[in-house]
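Please read the structure below before turning to the comments.
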Amino acid sequence: MVEVDLRSLRCPQQFVQFKLALKRAQGDHRCLLLLLNTNTQEFTDIERYLKKQGLSYALQRQPSFYRLIVEI
């Protein structure tokens, strides 16, 4: 599993880095664990992209951030 911490980034950098990490994980056929800000709009963009790509994911809400696990 590849872990990527994107909490220090803001949109659009967070979304761009998310897509880059997803592309790298897809090349290696591994799971991806993302640590994301709790900003609703930023996560909504990421969630919409995952649904459009048909990827399964699990979201774990922590008090100050999200843990997003994407199955490749």
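To be explicit about the labels: the chains of the structure tokens are called A, B, and onward in the order shown, and within each one the residues are counted from 1, while ligands get numbers from 1 in the order they are shown.
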
Those of chain A in DSSP strand (DSSP E or B), formatted as a list in words |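 Everything in chain A that counts as strand (DSSP E or B) is Val2, Glu3, Val4, Asp5, Leu32, Leu33, Leu34, Leu35, Leu36, Tyr57, Ala58, Leu59, Gln60, Arg61, Tyr66, Arg67, Leu68, Ile69 and Val70 of chain A.
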
Select, from A:Lys51, A:Gln41, A:Cys31, A:Met1, the residue with the minimum atom-to-atom distance to Gln14 in chain A, counting only C-alpha atoms.
-> A:Gln41

Pick out the residues sitting within 12 Å of Glu47 in chain A, and hand them over as a list in words; count only C-alpha atoms, and ignore anything fewer than 4 positions along from it in its own chain.
-> Phe15, Phe18, Lys19, Leu36, Thr40, Gln41, Glu42, Phe43, Lys51, Lys52, Gln53, Gly54, Leu55, Ser56, Tyr57, Ala58, Leu59, Tyr66, Leu68, Ile69 and Val70 of chain A

Of the candidates A:Leu32, A:Arg67, A:Leu22, A:Tyr49, which one gets nearest to Glu3 in chain A if we count only C-alpha atoms?
->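 When distances to Glu3 in chain A are compared using only C-alpha atoms, the smallest one comes from A:Leu32.
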
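Minimum atom-to-atom distances from A:Val16, A:Ala21, A:Leu35, A:Leu50 to Gln62 in chain A were compared using only C-alpha atoms, and the lowest value belongs to A:Leu35.
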
Quote the spacing between CA of His29 in chain A and CA of Phe65 in chain A in Å to one decimal place.
-> 25.4 Å

Taking into account only C-alpha atoms, which residue in the set A:Pro63, A:Cys11, A:Ile72, A:Leu20 is nearest to Thr44 in chain A?
->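 Among the listed residues, the smallest separation from Thr44 in chain A belongs to A:Cys11.
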